[in-house]
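Text of the file model-v5.txt, holding compact mmCIF, C-alpha atoms (C1' of nucleotides):
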# COMPACT_ATOMS: atom_id res chain seq x y z
CA MET D 1 -6.38 5.72 7.44
CA ASN D 2 -9.01 3.97 5.46
CA VAL D 3 -11.44 5.19 2.83
CA LYS D 4 -14.20 5.67 5.37
CA THR D 5 -12.14 7.98 7.54
CA LEU D 6 -10.87 9.88 4.55
CA CYS D 7 -14.40 10.45 3.25
CA LEU D 8 -15.10 12.06 6.59
CA GLY D 9 -11.99 14.17 6.19
CA ILE D 10 -12.99 15.34 2.74
CA LEU D 11 -16.37 16.38 4.12
CA THR D 12 -14.60 18.76 6.53
CA PHE D 13 -13.92 20.90 3.46
CA GLY D 14 -17.62 21.13 2.71
CA ASP D 15 -20.68 19.11 1.75
CA ALA D 16 -20.36 16.74 -1.14
CA THR D 17 -21.96 13.86 -2.98
CA GLY D 18 -20.25 10.49 -3.32
CA TYR D 19 -19.37 11.42 -6.83
CA GLU D 20 -17.73 14.65 -5.73
CA ILE D 21 -15.87 12.86 -2.98
CA LYS D 22 -14.26 10.64 -5.56
CA LYS D 23 -13.12 13.73 -7.40
CA ALA D 24 -11.74 15.14 -4.17
CA PHE D 25 -9.72 11.95 -3.74
CA GLN D 26 -8.23 12.55 -7.16
CA ASP D 27 -7.72 16.24 -6.54
CA LYS D 28 -6.39 16.40 -3.05
CA LEU D 29 -5.25 12.92 -2.15
CA SER D 30 -4.30 11.25 -5.41
CA GLN D 31 -0.66 11.13 -4.39
CA MET D 32 -1.48 9.03 -1.35
CA TYR D 33 -4.80 7.33 -1.89
CA ASP D 34 -7.27 6.40 -4.50
CA ALA D 35 -10.77 5.24 -3.85
CA GLY D 36 -13.34 3.81 -6.19
CA TYR D 37 -17.08 4.27 -5.98
CA SER D 38 -17.42 0.80 -4.60
CA SER D 39 -15.43 1.87 -1.57
CA ILE D 40 -16.96 5.32 -1.23
CA TYR D 41 -20.66 4.61 -1.45
CA PRO D 42 -20.71 1.84 1.14
CA ALA D 43 -18.47 3.99 3.37
CA LEU D 44 -20.95 6.85 3.21
CA ASN D 45 -23.82 4.56 4.07
CA GLN D 46 -21.95 3.27 7.07
CA LEU D 47 -20.98 6.76 8.20
CA THR D 48 -24.64 7.74 8.00
CA LYS D 49 -25.64 4.78 10.17
CA GLU D 50 -22.97 5.74 12.68
CA GLY D 51 -24.19 9.32 12.80
CA PHE D 52 -20.94 10.83 11.55
CA VAL D 53 -22.54 12.27 8.44
CA SER D 54 -26.02 13.37 7.52
CA CYS D 55 -27.53 13.14 4.10
CA ARG D 56 -30.06 15.22 2.25
CA GLN D 57 -31.54 14.02 -0.98
CA GLU D 58 -31.89 16.37 -3.93
CA ALA D 59 -34.11 15.44 -6.83
CA GLN D 60 -32.79 15.96 -10.33
CA ASN D 61 -34.42 15.72 -13.67
CA LYS D 62 -33.36 12.66 -15.63
CA ARG D 63 -30.63 11.72 -13.19
CA PRO D 64 -30.60 9.63 -10.06
CA ASP D 65 -31.32 11.69 -6.95
CA LYS D 66 -28.27 13.46 -5.71
CA LYS D 67 -27.35 12.60 -2.13
CA VAL D 68 -25.47 15.43 -0.52
CA TYR D 69 -23.56 14.47 2.60
CA SER D 70 -22.58 16.78 5.47
CA ILE D 71 -20.31 15.95 8.35
CA THR D 72 -21.95 16.11 11.77
CA THR D 73 -20.42 17.46 14.96
CA GLU D 74 -19.77 13.91 16.16
CA GLY D 75 -18.22 13.12 12.82
CA ARG D 76 -15.90 16.07 13.08
CA LEU D 77 -14.84 15.15 16.60
CA PHE D 78 -14.27 11.56 15.59
CA PHE D 79 -12.14 12.58 12.64
CA ILE D 80 -10.01 14.92 14.74
CA GLU D 81 -9.38 12.06 17.17
CA GLU D 82 -8.28 9.93 14.25
CA LEU D 83 -5.90 12.64 13.10
CA LYS D 84 -4.33 12.82 16.54
CA LYS D 85 -3.46 9.14 16.54
CA LYS D 86 0.13 8.29 15.76
CA PRO D 87 0.23 7.96 11.99
CA ALA D 88 1.28 4.66 10.41
CA GLU D 89 4.81 4.50 9.03
CA ASP D 90 5.34 5.97 5.60
CA LYS D 91 5.56 3.43 2.86
CA PHE D 92 7.14 3.58 -0.50
CA ARG D 93 6.30 0.66 -2.73
CA SER D 94 7.71 0.11 -6.18
CA GLU D 95 7.06 -3.04 -8.13
CA ALA D 96 9.55 -1.90 -10.74
CA LEU D 97 12.35 -1.58 -8.20
CA THR D 98 11.33 -4.86 -6.62
CA THR D 99 11.70 -6.48 -10.01
CA LEU D 100 15.31 -5.28 -10.08
CA MET D 101 15.99 -7.46 -7.06
CA PHE D 102 15.40 -10.38 -9.38
CA ALA D 103 17.44 -8.98 -12.25
CA HIS D 104 19.47 -12.19 -12.27
CA LEU D 105 16.47 -13.92 -13.83
CA LEU D 106 15.97 -11.46 -16.66
CA PRO D 107 17.86 -10.57 -19.83
CA ALA D 108 20.15 -7.55 -19.42
CA ARG D 109 18.09 -5.70 -21.97
CA THR D 110 14.89 -6.08 -19.97
CA THR D 111 16.54 -4.64 -16.90
CA SER D 112 17.70 -1.56 -18.76
CA ASP D 113 14.30 -1.07 -20.33
CA LEU D 114 12.72 -1.30 -16.93
CA ILE D 115 14.89 1.48 -15.54
CA ASP D 116 14.28 3.59 -18.62
CA SER D 117 10.55 3.35 -18.31
CA LEU D 118 10.64 3.97 -14.59
CA ILE D 119 12.56 7.19 -15.18
CA ALA D 120 10.16 8.14 -17.95
CA SER D 121 7.14 7.55 -15.74
CA TYR D 122 8.66 9.65 -12.98
CA GLU D 123 9.31 12.45 -15.45
CA GLN D 124 5.74 12.28 -16.60
CA TYR D 125 4.54 12.30 -13.01
CA ILE D 126 6.63 15.39 -12.28
CA GLN D 127 5.21 17.18 -15.30
CA ASP D 128 1.64 16.35 -14.35
CA LEU D 129 2.16 17.40 -10.76
CA SER D 130 3.94 20.61 -11.70
CA THR D 131 1.02 21.68 -13.82
CA ASP D 132 -1.63 21.29 -11.21
CA CYS D 133 0.63 22.28 -8.33
CA ASP D 134 0.41 25.84 -9.58
CA MET D 135 -3.35 25.68 -9.53
CA LYS D 136 -3.54 24.53 -5.94
CA GLN D 137 -4.95 27.05 -3.56
CA SER D 138 -3.88 25.87 -0.12
CA HIS D 139 -0.35 25.78 1.18
CA SER D 140 -0.87 22.23 2.40
CA GLU D 141 -1.67 21.05 -1.07
CA LYS D 142 1.28 22.89 -2.54
CA PHE D 143 3.52 21.43 0.12
CA LEU D 144 2.43 17.90 -0.63
CA CYS D 145 2.67 18.48 -4.34
CA GLY D 146 6.18 19.83 -3.99
CA MET D 147 7.13 16.85 -1.90
CA GLY D 148 5.99 14.47 -4.60
CA ILE D 149 8.04 16.32 -7.17
CA THR D 150 11.12 16.55 -4.98
CA ILE D 151 11.16 12.85 -4.17
CA ARG D 152 10.83 11.83 -7.78
CA LYS D 153 13.49 14.24 -8.96
CA ALA D 154 15.89 12.83 -6.40
CA ALA D 155 14.99 9.31 -7.46
CA ILE D 156 15.66 10.08 -11.13
CA THR D 157 19.06 11.56 -10.37
CA TYR D 158 19.92 8.57 -8.22
CA MET D 159 18.90 6.11 -10.89
CA GLN D 160 20.86 7.88 -13.56
CA GLU D 161 23.98 7.93 -11.41
CA ASN D 162 23.75 4.36 -10.15
CA ARG D 163 22.05 2.27 -12.80
CA HIS D 164 25.38 1.14 -14.17
CA LEU D 165 25.87 -1.01 -11.03
CA ILE D 166 22.91 -3.20 -11.86
CA GLU D 167 23.40 -3.08 -15.58
CA ALA D 168 27.00 -4.26 -15.30
CA ASP D 169 25.83 -7.21 -13.20
CA ALA D 170 23.20 -8.12 -15.73
CA LEU D 171 25.67 -8.06 -18.60
CA LEU D 172 28.19 -10.19 -16.71
CA SER D 173 25.70 -12.88 -15.79
CA GLN D 174 24.47 -12.90 -19.37
CA GLN D 175 27.98 -13.37 -20.75
CA ALA D 176 28.53 -16.17 -18.28
CA ALA D 177 25.40 -17.85 -19.55
CA GLU D 178 26.63 -17.74 -23.14
CA MET Z 2 3.05 -8.55 -6.65
CA ASN Z 3 1.56 -10.41 -3.79
CA VAL Z 4 3.11 -12.42 -1.01
CA LYS Z 5 2.68 -15.68 -2.88
CA THR Z 6 4.60 -14.50 -5.92
CA LEU Z 7 7.29 -12.96 -3.77
CA CYS Z 8 7.79 -16.21 -1.84
CA LEU Z 9 8.45 -17.82 -5.18
CA GLY Z 10 10.91 -15.06 -5.98
CA ILE Z 11 12.78 -15.53 -2.72
CA LEU Z 12 13.09 -19.22 -3.46
CA THR Z 13 14.96 -18.37 -6.67
CA PHE Z 14 17.86 -17.44 -4.37
CA GLY Z 15 17.86 -20.90 -2.84
CA ASP Z 16 15.82 -23.34 -0.80
CA ALA Z 17 14.28 -22.08 2.38
CA THR Z 18 11.76 -22.78 5.09
CA GLY Z 19 8.78 -20.55 5.75
CA TYR Z 20 10.63 -19.14 8.68
CA GLU Z 21 13.64 -18.26 6.57
CA ILE Z 22 11.45 -16.74 3.90
CA LYS Z 23 10.10 -14.33 6.44
CA LYS Z 24 13.66 -13.33 7.28
CA ALA Z 25 14.37 -12.87 3.59
CA PHE Z 26 11.40 -10.51 3.38
CA GLN Z 27 12.95 -8.45 6.16
CA ASP Z 28 16.42 -8.67 4.66
CA LYS Z 29 15.85 -8.13 1.00
CA LEU Z 30 12.40 -6.65 0.62
CA SER Z 31 11.69 -4.80 3.86
CA GLN Z 32 11.71 -1.47 2.06
CA MET Z 33 8.86 -2.54 -0.18
CA TYR Z 34 7.00 -5.40 1.45
CA ASP Z 35 6.46 -7.11 4.71
CA ALA Z 36 4.84 -10.46 5.15
CA GLY Z 37 3.76 -12.24 8.29
CA TYR Z 38 3.76 -15.97 8.86
CA SER Z 39 0.04 -16.02 8.37
CA SER Z 40 0.55 -14.88 4.81
CA ILE Z 41 3.63 -16.95 4.10
CA TYR Z 42 2.61 -20.40 5.32
CA PRO Z 43 -0.69 -20.53 3.45
CA ALA Z 44 1.09 -19.15 0.37
CA LEU Z 45 3.63 -21.98 0.48
CA ASN Z 46 0.90 -24.56 0.81
CA GLN Z 47 -0.87 -23.14 -2.20
CA LEU Z 48 2.32 -22.99 -4.23
CA THR Z 49 2.92 -26.63 -3.40
CA LYS Z 50 -0.56 -27.57 -4.60
CA GLU Z 51 0.05 -25.65 -7.80
CA GLY Z 52 3.33 -27.43 -8.39
CA PHE Z 53 5.45 -24.27 -8.29
CA VAL Z 54 7.42 -25.42 -5.28
CA SER Z 55 8.32 -28.77 -3.83
CA CYS Z 56 8.79 -29.49 -0.18
CA ARG Z 57 10.95 -31.92 1.73
CA GLN Z 58 10.39 -32.49 5.39
CA GLU Z 59 13.33 -32.64 7.76
CA ALA Z 60 12.87 -34.07 11.24
CA GLN Z 61 14.35 -32.16 14.14
CA ASN Z 62 14.72 -33.06 17.75
CA LYS Z 63 12.33 -31.16 19.98
CA ARG Z 64 11.19 -28.82 17.24
CA PRO Z 65 8.43 -29.08 14.67
CA ASP Z 66 9.60 -30.72 11.48
CA LYS Z 67 11.36 -28.30 9.22
CA LYS Z 68 9.77 -27.97 5.80
CA VAL Z 69 12.32 -26.94 3.25
CA TYR Z 70 10.86 -25.57 0.05
CA SER Z 71 12.48 -25.55 -3.40
CA ILE Z 72 11.23 -23.81 -6.48
CA THR Z 73 10.37 -26.12 -9.38
CA THR Z 74 11.05 -25.49 -13.05
CA GLU Z 75 7.40 -24.55 -13.59
CA GLY Z 76 7.63 -22.25 -10.60
CA ARG Z 77 10.67 -20.52 -12.02
CA LEU Z 78 9.01 -20.07 -15.40
CA PHE Z 79 5.87 -18.75 -13.82
CA PHE Z 80 7.81 -16.26 -11.72
CA ILE Z 81 9.77 -15.00 -14.71
CA GLU Z 82 6.51 -14.44 -16.56
CA GLU Z 83 5.26 -12.43 -13.60
CA LEU Z 84 8.42 -10.32 -13.65
CA LYS Z 85 7.93 -9.53 -17.31
CA LYS Z 86 4.46 -8.13 -16.74
CA LYS Z 87 4.22 -4.37 -16.66
CA PRO Z 88 4.81 -3.43 -13.03
CA ALA Z 89 2.14 -1.58 -11.10
CA GLU Z 90 2.70 2.13 -10.59
CA ASP Z 91 4.98 3.13 -7.77
CA LYS Z 92 3.20 4.28 -4.71
CA PHE Z 93 4.30 6.50 -1.90
CA ARG Z 94 1.91 6.58 1.01
CA SER Z 95 2.35 8.74 4.06
CA GLU Z 96 -0.31 9.03 6.71
CA ALA Z 97 1.68 11.80 8.35
CA LEU Z 98 1.69 13.93 5.20
CA THR Z 99 -1.95 13.12 4.63
CA THR Z 100 -2.68 14.46 8.08
CA LEU Z 101 -1.12 17.76 7.04
CA MET Z 102 -3.86 18.11 4.46
CA PHE Z 103 -6.21 18.51 7.41
CA ALA Z 104 -3.97 20.85 9.36
CA HIS Z 105 -6.85 23.33 9.54
CA LEU Z 106 -8.48 21.04 12.10
CA LEU Z 107 -5.47 20.75 14.40
CA PRO Z 108 -3.66 23.10 16.78
CA ALA Z 109 -0.58 24.73 15.23
CA ARG Z 110 1.59 22.98 17.77
CA THR Z 111 0.40 19.54 16.70
CA THR Z 112 1.24 20.28 13.09
CA SER Z 113 4.78 21.28 13.95
CA ASP Z 114 5.26 18.25 16.15
CA LEU Z 115 4.08 16.06 13.35
CA ILE Z 116 6.66 17.43 10.94
CA ASP Z 117 9.35 17.13 13.59
CA SER Z 118 8.66 13.51 14.21
CA LEU Z 119 8.37 12.73 10.53
CA ILE Z 120 11.83 14.20 9.97
CA ALA Z 121 13.13 12.30 12.97
CA SER Z 122 11.72 9.03 11.71
CA TYR Z 123 13.26 9.57 8.30
CA GLU Z 124 16.62 10.28 9.91
CA GLN Z 125 16.33 7.08 11.89
CA TYR Z 126 15.39 5.19 8.76
CA ILE Z 127 18.43 6.56 6.94
CA GLN Z 128 20.71 5.53 9.77
CA ASP Z 129 19.32 2.01 9.87
CA LEU Z 130 19.53 1.61 6.14
CA SER Z 131 23.05 3.03 5.95
CA THR Z 132 24.28 0.47 8.44
CA ASP Z 133 23.01 -2.55 6.63
CA CYS Z 134 23.51 -1.13 3.18
CA ASP Z 135 27.23 -1.63 3.68
CA MET Z 136 26.65 -5.26 4.56
CA LYS Z 137 24.68 -6.00 1.43
CA GLN Z 138 26.42 -8.25 -1.02
CA SER Z 139 24.56 -7.76 -4.28
CA HIS Z 140 24.53 -4.60 -6.34
CA SER Z 141 20.77 -4.80 -6.65
CA GLU Z 142 20.35 -4.68 -2.93
CA LYS Z 143 22.79 -1.81 -2.60
CA PHE Z 144 20.99 0.05 -5.35
CA LEU Z 145 17.64 -0.31 -3.65
CA CYS Z 146 19.09 0.61 -0.31
CA GLY Z 147 20.70 3.72 -1.73
CA MET Z 148 17.43 4.67 -3.35
CA GLY Z 149 15.65 4.50 -0.01
CA ILE Z 150 18.27 6.73 1.56
CA THR Z 151 18.29 9.21 -1.31
CA ILE Z 152 14.54 9.66 -1.30
CA ARG Z 153 14.36 10.25 2.41
CA LYS Z 154 17.25 12.68 2.39
CA ALA Z 155 15.54 14.70 -0.32
CA ALA Z 156 12.30 14.60 1.64
CA ILE Z 157 13.99 15.89 4.80
CA THR Z 158 15.60 18.78 2.99
CA TYR Z 159 12.30 19.63 1.34
CA MET Z 160 10.43 19.60 4.62
CA GLN Z 161 12.98 21.77 6.33
CA GLU Z 162 12.87 24.32 3.54
CA ASN Z 163 9.10 24.40 3.13
CA ARG Z 164 7.52 23.65 6.47
CA HIS Z 165 7.10 27.33 7.21
CA LEU Z 166 4.35 27.47 4.57
CA ILE Z 167 2.11 25.13 6.50
CA GLU Z 168 3.16 26.36 9.89
CA ALA Z 169 2.33 29.97 9.01
CA ASP Z 170 -1.15 28.87 7.90
CA ALA Z 171 -1.70 26.97 11.10
CA LEU Z 172 -0.71 29.97 13.24
CA LEU Z 173 -2.95 32.31 11.28
CA SER Z 174 -6.03 30.15 11.55
CA GLN Z 175 -5.33 29.71 15.22
CA GLN Z 176 -5.10 33.44 15.80
CA ALA Z 177 -8.31 33.91 13.92
CA ALA Z 178 -9.99 31.41 16.20
CA GLU Z 179 -8.89 33.31 19.31
C1' DC B 21 -21.84 7.89 -32.95
C1' DT B 22 -18.45 7.80 -29.43
C1' DG B 23 -16.49 9.15 -25.46
C1' DT B 24 -16.77 11.81 -21.24
C1' DG B 25 -19.25 13.44 -17.35
C1' DC B 26 -22.91 13.00 -14.13
C1' DA B 27 -24.96 9.81 -10.59
C1' DT B 28 -25.82 5.61 -7.82
C1' DG B 29 -25.05 1.28 -6.04
C1' DT B 30 -24.30 -4.44 -5.12
C1' DA B 31 -21.84 -8.98 -5.11
C1' DA B 32 -18.01 -11.65 -5.27
C1' DA B 33 -13.32 -12.28 -5.04
C1' DT B 34 -8.84 -11.21 -3.35
C1' DC B 35 -5.72 -9.93 -0.11
C1' DG B 36 -3.72 -8.95 4.16
C1' DT B 37 -3.73 -8.30 9.38
C1' DT B 38 -4.68 -9.59 14.06
C1' DA B 39 -5.43 -12.77 17.27
C1' DC B 40 -5.09 -17.33 18.65
C1' DA B 41 -2.48 -21.85 19.51
C1' DT B 42 1.97 -24.55 20.87
C1' DG B 43 6.53 -25.35 22.67
C1' DA B 44 11.71 -26.12 23.26
C1' DT B 45 16.47 -23.69 23.38
C1' DT B 46 19.82 -20.25 24.24
C1' DG B 47 21.82 -16.09 25.95
C1' DC B 48 21.64 -12.22 29.31
C1' DG O 11 13.49 -15.53 35.21
C1' DC O 12 12.74 -13.20 30.70
C1' DA O 13 13.35 -12.19 26.03
C1' DA O 14 14.66 -13.75 21.68
C1' DT O 15 15.12 -17.36 18.22
C1' DC O 16 13.52 -21.34 15.99
C1' DA O 17 9.30 -23.52 13.87
C1' DT O 18 4.44 -24.19 12.15
C1' DG O 19 -0.02 -23.12 11.42
C1' DT O 20 -5.66 -21.67 11.65
C1' DA O 21 -9.71 -18.54 12.15
C1' DA O 22 -11.84 -14.35 12.05
C1' DC O 23 -11.95 -9.98 10.55
C1' DG O 24 -11.16 -5.95 7.79
C1' DA O 25 -10.24 -3.64 3.54
C1' DT O 26 -9.94 -3.04 -1.22
C1' DT O 27 -10.58 -4.35 -6.12
C1' DT O 28 -13.11 -6.13 -9.97
C1' DA O 29 -17.01 -7.08 -12.18
C1' DC O 30 -21.69 -6.28 -12.66
C1' DA O 31 -25.88 -3.16 -13.26
C1' DT O 32 -28.27 1.33 -15.15
C1' DG O 33 -28.99 5.48 -17.87
C1' DC O 34 -29.28 10.42 -19.59
C1' DA O 35 -26.77 14.73 -21.50
C1' DC O 36 -23.58 16.92 -24.17
C1' DA O 37 -19.52 17.83 -27.01
C1' DG O 38 -16.66 16.68 -30.85
As structure tokens - that is how I would like this structure written.
Amino acid sequence: MNVKTLCLGILTFGDATGYEIKKAFQDKLSQMYDAGYSSIYPALNQLTKEGFVSCRQEAQNKRPDKKVYSITTEGRLFFIEELKKKPAEDKFRSEALTTLMFAHLLPARTTSDLIDSLIASYEQYIQDLSTDCDMKQSHSEKFLCGMGITIRKAAITYMQENRHLIEADALLSQQAAE
Amino acid sequence: MNVKTLCLGILTFGDATGYEIKKAFQDKLSQMYDAGYSSIYPALNQLTKEGFVSCRQEAQNKRPDKKVYSITTEGRLFFIEELKKKPAEDKFRSEALTTLMFAHLLPARTTSDLIDSLIASYEQYIQDLSTDCDMKQSHSEKFLCGMGITIRKAAITYMQENRHLIEADALLSQQAAE
DNA sequence: CTGTGCATGTAAATCGTTACATGATTGC
DNA sequence: GCAATCATGTAACGATTTACATGCACAG
């Protein structure tokens, strides 16, 4: 699912400006996607051309005109068809964990620091999510939020229980080098 | 980390051809990255130009010449510098879970099927990983493998315990529509 | 007076995927 | 006979990111 399709999806919750759509990305989809204005605005223009959204312009004093987008019937049908397609495989990508695959090139200390900060960032992530998970209205959002927390909690526990495997390796190869 | 940098990383384990590098991606990095030949071959050519790898050509009978790449000292230094950079944030992306955010647009049945097949695909993933986790030699690889399994196990448990939240919503909105 | 929020966009660069292009060998 | 493995690449397309470009209002 690309930014264009997701903009359409966000508009199924109600009309919005490009600016508000960006906020919706942060609100509802931040765990999975992030989109910048430079993806959103061109996407909305294309969707308008394709007839999947309509746009009404609202004048404002001392601000650029607000362009409020609404999804059209065709847009809604198109989006539902997209949803019915077999979803792409889930992907979990961690540069930090990838770095550990090359631990043999780094000082033992660096490896340990890396794991420490990864755990710390997960803990921070859990805290942030917990806070706004409570504020979520829909069950879907709560579900997704809870999933994010669950996964990271499991990851932290795993790292704490198994980090010694990598750290022992790092120390050994360092001693060998000395 | 992009394909180019990762090719360099793979070459720190030993010389390899483009073909073998692709296998290494599947072997060592499949959880995080995948690269096709059309990313790898141009990357190797660029790395050669930049002096980060060297290449010796080996003739073969009835096959294209084999090009065996080795990382150079500059390449190794460059890669280590890349490793020391602050890693990008971890990302977990699931189209299936994203679809659930739009469950209000789908029949209740579709939502349930989606969760079922997500759980099934995670179970499959765990099985596949478990098999070749045992065959891994290095602790780093085992660590990463175990992480992949742990996360998916936690996710399955979470989904089983919380799916009723979404499924109840879906049924309600469906009844309302009837 | 500085940062955050509101509000819109374009241009260029980077990166990756899909499709195309070739061709022998080996195992089932 | 057909699929998989070995072996290399290019061209076109699609998607996203980064940098550029503007400007007022309001709170601390």
So what do you get for CA of Leu98 in chain Z versus CA of Ile21 in chain D, distance-wise?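 Separating CA of Leu98 in chain Z from CA of Ile21 in chain D is a distance of 19.4 Å.
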One residue among D:Ser70, D:Thr157, D:Thr110, D:Ser38 is nearest to chain B when using all atoms listed in the file, and that residue is D:Ser38
*Mind giving me the straight-line distance from CA of Lys29 in chain Z to CA of Arg77 in chain Z in Å, one decimal?*
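Computing the Euclidean distance for CA of Lys29 in chain Z and CA of Arg77 in chain Z yields 18.7 Å.
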Would you give me, as a list in words, the residues of chain Z that come within 6 Å of chain D, using all atoms listed in the file?
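Residues of chain Z within 6 Å of chain D, counting all atoms listed in the file: Met33, Pro88, Ala89, Asp91, Lys92, Phe93, Arg94, Ser95, Glu96, Ala97, Met102, His140, Ser141, Ile152 and Ile167 of chain Z.
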_From Z:Asp66, Z:Glu51, Z:Asp117, Z:Glu21, residue lying nearest Gln161 in chain Z [only C-alpha atoms]_ =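 Ranked by minimum distance to Gln161 in chain Z, first place goes to Z:Asp117.
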Would you mind exporting range 16-28 of chain O with N, CA, C and O atoms (P, O5', C5', C4', C3', O3' and C1' of nucleotides), as a CSV table (one decimal), in the first residue's frame?
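In the end it all went to selection.csv:
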chain,number,residue,atom,x,y,z
O,16,DC,P,23.5,-22.9,-7.2
O,16,DC,O5',24.3,-22.4,-8.5
O,16,DC,C5',25.1,-23.3,-9.2
O,16,DC,C4',25.5,-22.7,-10.5
O,16,DC,C3',26.2,-21.3,-10.3
O,16,DC,O3',27.5,-21.4,-11.0
O,16,DC,C1',24.6,-21.3,-12.0
O,17,DA,P,28.6,-20.3,-10.6
O,17,DA,O5',28.0,-19.0,-11.2
O,17,DA,C5',28.5,-18.6,-12.5
O,17,DA,C4',27.7,-17.4,-13.1
O,17,DA,C3',27.4,-16.2,-12.2
O,17,DA,O3',28.5,-15.3,-12.1
O,17,DA,C1',25.9,-16.6,-14.0
O,18,DT,P,28.3,-13.8,-11.5
O,18,DT,O5',27.7,-13.0,-12.7
O,18,DT,C5',28.4,-12.9,-13.9
O,18,DT,C4',27.7,-12.1,-15.0
O,18,DT,C3',27.4,-10.7,-14.5
O,18,DT,O3',28.2,-9.8,-15.2
O,18,DT,C1',25.5,-11.7,-15.7
O,19,DG,P,28.4,-8.4,-14.5
O,19,DG,O5',27.0,-7.7,-14.8
O,19,DG,C5',27.0,-7.0,-16.0
O,19,DG,C4',25.6,-7.0,-16.6
O,19,DG,C3',24.8,-5.7,-16.4
O,19,DG,O3',25.4,-4.8,-17.2
O,19,DG,C1',23.4,-7.7,-16.7
O,20,DT,P,24.9,-3.3,-17.0
O,20,DT,O5',23.5,-3.3,-17.9
O,20,DT,C5',23.6,-3.6,-19.3
O,20,DT,C4',22.2,-3.3,-19.9
O,20,DT,C3',21.8,-1.9,-19.7
O,20,DT,O3',21.2,-1.4,-20.9
O,20,DT,C1',20.2,-3.3,-18.7
O,21,DA,P,20.8,0.1,-21.1
O,21,DA,O5',19.2,0.0,-20.8
O,21,DA,C5',18.4,-1.0,-21.4
O,21,DA,C4',17.0,-0.7,-21.2
O,21,DA,C3',16.7,0.8,-21.1
O,21,DA,O3',15.4,1.0,-21.8
O,21,DA,C1',16.0,-0.3,-19.1
O,22,DA,P,14.8,2.5,-21.8
O,22,DA,O5',13.5,2.3,-20.9
O,22,DA,C5',12.8,1.1,-21.0
O,22,DA,C4',11.8,1.1,-19.9
O,22,DA,C3',11.1,2.4,-19.6
O,22,DA,O3',9.7,2.2,-19.6
O,22,DA,C1',12.0,1.5,-17.6
O,23,DC,P,8.7,3.4,-19.3
O,23,DC,O5',8.2,3.1,-17.8
O,23,DC,C5',7.9,1.8,-17.4
O,23,DC,C4',7.9,1.7,-15.9
O,23,DC,C3',7.1,2.9,-15.2
O,23,DC,O3',6.0,2.3,-14.6
O,23,DC,C1',9.1,2.5,-14.1
O,24,DG,P,4.8,3.2,-13.9
O,24,DG,O5',5.2,3.0,-12.4
O,24,DG,C5',5.5,1.8,-11.8
O,24,DG,C4',6.0,2.0,-10.4
O,24,DG,C3',5.2,3.1,-9.7
O,24,DG,O3',4.7,2.5,-8.5
O,24,DG,C1',7.5,3.5,-9.5
O,25,DA,P,3.8,3.2,-7.5
O,25,DA,O5',4.8,3.7,-6.3
O,25,DA,C5',5.7,2.8,-5.7
O,25,DA,C4',6.6,3.5,-4.8
O,25,DA,C3',5.9,4.7,-4.0
O,25,DA,O3',5.9,4.3,-2.6
O,25,DA,C1',8.0,5.3,-5.0
O,26,DT,P,5.3,5.2,-1.5
O,26,DT,O5',6.6,5.9,-0.9
O,26,DT,C5',7.9,5.1,-0.8
O,26,DT,C4',9.0,6.0,-0.5
O,26,DT,C3',8.7,7.2,0.5
O,26,DT,O3',9.6,7.0,1.6
O,26,DT,C1',10.0,7.9,-1.4
O,27,DT,P,9.7,8.2,2.7
O,27,DT,O5',11.0,9.0,2.3
O,27,DT,C5',12.2,8.3,2.0
O,27,DT,C4',13.3,9.3,1.8
O,27,DT,C3',13.3,10.4,2.8
O,27,DT,O3',14.7,10.6,3.2
O,27,DT,C1',13.1,11.4,0.6
O,28,DT,P,15.1,11.7,4.3
O,28,DT,O5',15.6,12.9,3.3
O,28,DT,C5',16.6,12.7,2.3
O,28,DT,C4',17.0,14.0,1.7
O,28,DT,C3',17.0,15.2,2.6
O,28,DT,O3',18.3,15.9,2.4
O,28,DT,C1',15.5,15.7,0.8
